[in-house]
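Contents: one structure, followed by commentary.
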Amino acid sequence: MKFRQQLIYIHLILNLCCIVMGYSQQNIQRIDSVENYIRLSKSYLQKSIDSADLYIEKAVQLSQTINNDSLLVKSHLQQSSVYIFKGDFDKADSLLQFNLKYKVADHLIGQTYHNKGTVQYYQKNYNEALEIYLKAAEILENSENPKQLVNTYTNIGTINASLGNYENAKNYLEKAISLSHTNEILKLQLLVNICNVYYELKDYNHYEANIFEAESLAKKYNAKSILSIIYTNLSNYFTDKGNDPDKALSYAKNSIRLKKELNQLQTLNVSYNNVGHSYLKKGEYNKAIVYLDSAYKGASGLLKSYILNNLKEAYELKGDYEKALYYADQREAIKDSMTNAQQKEKVAELTEKYESEKKQQQIEVLNAQNEVQTLTIKQQRYFIISVILLTLLVII
């Protein structure tokens with residue numbers, strides 16, 4: 001009788017053990033599913049916003065059935081990115097504010113503030129965005145997982161550049177670059193962005209070092225869109241310096257070739273002007289006029305003023321003073337109408353192009369490697385606990 005009771009106890013214990021392990025396995029599978037839905041949402045964010053929305057909704061719903069605050073917060077972070085991408089800023093901000101009620105790891109709180117800053121940034125509330133990003137940076141710097149910092153530093157640098165605070169912009173972008181050594185694509189984008197800052201600061205040594213490194217990386221990864229921007233900037237640079245028209249001409253023609261290949265025709269005016277200016281410096285006035293005429297079509301603001309000045313100079317050096325006077329009058333007529341915003345056109349192309357691509361890629365880039373690592377650690381914990389519990393129950 002006693003032996004039979006012992007067998008019953010052992011049978012109950014083993015059943016209990018199976019139930020515990022089954023529950024743990026089921027929980028792990030749910031966690032896997034949530035993580036996978038988050039990754040799928042990220043992968044579809046650029047390709048199909050509806051698919052991204054569908055997968056993150058599944059992640060949120062499933063994470064709510066699991067007693068895991070961190071997983072729910074991560075789901076909300078990606079969902080806020082989808083809302084930001086769709087322009088639903090109020091929904092995104094409300095969701096992020098809800099995130100702050102949970103007691104989770106510092107890096108998740110830091111990422112939440114980062115996304116809140118992005119909401120303000122997209123609404124052009126730059127001072128508010130900057131304040132929130134700085135708070136995110138402070139939290140992330142003290143967290144055990146600071147990899148999100150590269151995105152936060154990048155956005156702080158970009159906003160400072162937009163506000164004309166180039167020293168601050170340089171400091172934060174340099175910090176971001178120092179954290180990007182394991183991701184050369186990200187480093188390429190950062191190098192392109194910081195070149196504008198060095199240009200504004202007239203730090204030409206750092207400008208050349210960074211832009212040529214960016215050119216090398218762009219060629220390595222066949223990033224033609226970014227390479228066309230780099231060539232435009234290099235043609236701008238050597239055109240402004242005025243001491244090497246051959247280099248300015250070469251980079252400008254490469255820029256035109258790539259822009260036509262990529263069908264980026266809206267920014268050809270700058271490159272056409274640089275080619276025309278280079279031929280002007282080489283004394284080939286007829287060639288200069290052909291390219292300057294092409295540059296003039298659709299040009300505006302400061303760029304239009306430069307083109308008119310180059311046309312005036314080309315006709316003057318040719319001896320056609322009537323046309324030279326005509327273009328001089330045209331330039332004078334638009335001189336007083338140019339706004340401060342238009343006066344920044346000359347170096348704005350690279351920044352605008354970079355920021356538009358960067359915004360799409362980094363509305364909110366959650367670090368997938370960190371998530372996988374976190375998931376793996378949790379799975380190992382569940383497995384170890386289950387094994388220990390089974391062993392203890394068998395021993396008993």
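Chain labels follow the order of the structure tokens: the first chain is A, the next B, and so on; residue numbering restarts at 1 in every chain, and ligands are counted from 1 in their shown order.
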
Problem set entry | Exercise: segment 328-331 of chain A partners within 6 Å, only C-alpha atoms, chain neighbours under 2 positions left out, as a count of residues only | 7

Select from segment 228-290 of chain A every residue with an atom at most 10 Å from any atom of segment 203-218 of chain A, then for each give the shortest pair of atoms and their distance in Å to one decimal, using only C-alpha atoms, rows by chain and rising number, as a Markdown table.
```
| residue | atom | partner | partner_atom | distance |
| --- | --- | --- | --- | --- |
| A:Ser228 | CA | A:Ala218 | CA | 9.5 |
| A:Ile229 | CA | A:Glu215 | CA | 9.7 |
| A:Ile230 | CA | A:Glu215 | CA | 6.6 |
| A:Tyr231 | CA | A:Glu215 | CA | 8.2 |
| A:Asn233 | CA | A:Ile211 | CA | 8.7 |
| A:Leu234 | CA | A:Ile211 | CA | 8.0 |
| A:Tyr237 | CA | A:Glu208 | CA | 9.3 |
```

Store the residues picked out above, limited to N, CA, C and O atoms, as a PDB file, in the first residue's frame.
```pdb
ATOM      1  N   SER A 228      26.425  59.801 -55.707  1.00  0.00           N
ATOM      2  CA  SER A 228      26.098  60.968 -56.545  1.00  0.00           C
ATOM      3  C   SER A 228      26.097  62.245 -55.708  1.00  0.00           C
ATOM      4  O   SER A 228      26.502  63.316 -56.173  1.00  0.00           O
ATOM      5  N   ILE A 229      25.652  62.135 -54.454  1.00  0.00           N
ATOM      6  CA  ILE A 229      25.652  63.281 -53.546  1.00  0.00           C
ATOM      7  C   ILE A 229      27.089  63.674 -53.192  1.00  0.00           C
ATOM      8  O   ILE A 229      27.441  64.858 -53.158  1.00  0.00           O
ATOM      9  N   ILE A 230      27.912  62.665 -52.923  1.00  0.00           N
ATOM     10  CA  ILE A 230      29.317  62.928 -52.604  1.00  0.00           C
ATOM     11  C   ILE A 230      30.006  63.628 -53.766  1.00  0.00           C
ATOM     12  O   ILE A 230      30.751  64.600 -53.582  1.00  0.00           O
ATOM     13  N   TYR A 231      29.742  63.172 -54.986  1.00  0.00           N
ATOM     14  CA  TYR A 231      30.351  63.801 -56.164  1.00  0.00           C
ATOM     15  C   TYR A 231      29.862  65.248 -56.332  1.00  0.00           C
ATOM     16  O   TYR A 231      30.647  66.140 -56.689  1.00  0.00           O
ATOM     17  N   ASN A 233      28.928  67.203 -53.904  1.00  0.00           N
ATOM     18  CA  ASN A 233      29.580  67.989 -52.865  1.00  0.00           C
ATOM     19  C   ASN A 233      31.046  68.249 -53.178  1.00  0.00           C
ATOM     20  O   ASN A 233      31.563  69.339 -52.912  1.00  0.00           O
ATOM     21  N   LEU A 234      31.708  67.244 -53.728  1.00  0.00           N
ATOM     22  CA  LEU A 234      33.119  67.439 -54.097  1.00  0.00           C
ATOM     23  C   LEU A 234      33.251  68.444 -55.238  1.00  0.00           C
ATOM     24  O   LEU A 234      34.195  69.245 -55.250  1.00  0.00           O
ATOM     25  N   TYR A 237      32.837  71.725 -53.659  1.00  0.00           N
ATOM     26  CA  TYR A 237      34.026  72.047 -52.863  1.00  0.00           C
ATOM     27  C   TYR A 237      35.151  72.590 -53.745  1.00  0.00           C
ATOM     28  O   TYR A 237      35.726  73.650 -53.471  1.00  0.00           O
TER      29      TYR A 237
END
```

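Residues lying within 8 Å of Asn171 of chain A, counting only C-alpha atoms and ignoring same-chain neighbours fewer than 4 positions away, are Gly157, Glu167 and Lys175 of chain A.
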
For this session: Measure the distance from atom CA of Tyr153 of chain A to atom CA of Asp90 of chain A in Å and round it to one decimal.
Result: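 Distance between the two atoms: 24.2 Å.
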
Problem set entry | Every residue of segment 56-258 of chain A that DSSP places in helix (DSSP H, G or I), as a PyMOL selection string | chain A and resi 56-63+69-86+89-99+106-122+126-141+146-162+166-178+184-200+204-220+224-241+245-258

Exercise. If we count only C-alpha atoms, what is near Leu149 of chain A at a cut-off of 7 Å, once residues fewer than 3 positions away on the same chain are taken out, given as a ChimeraX atom specification?
Worked result: /A:137,140,146,152-153
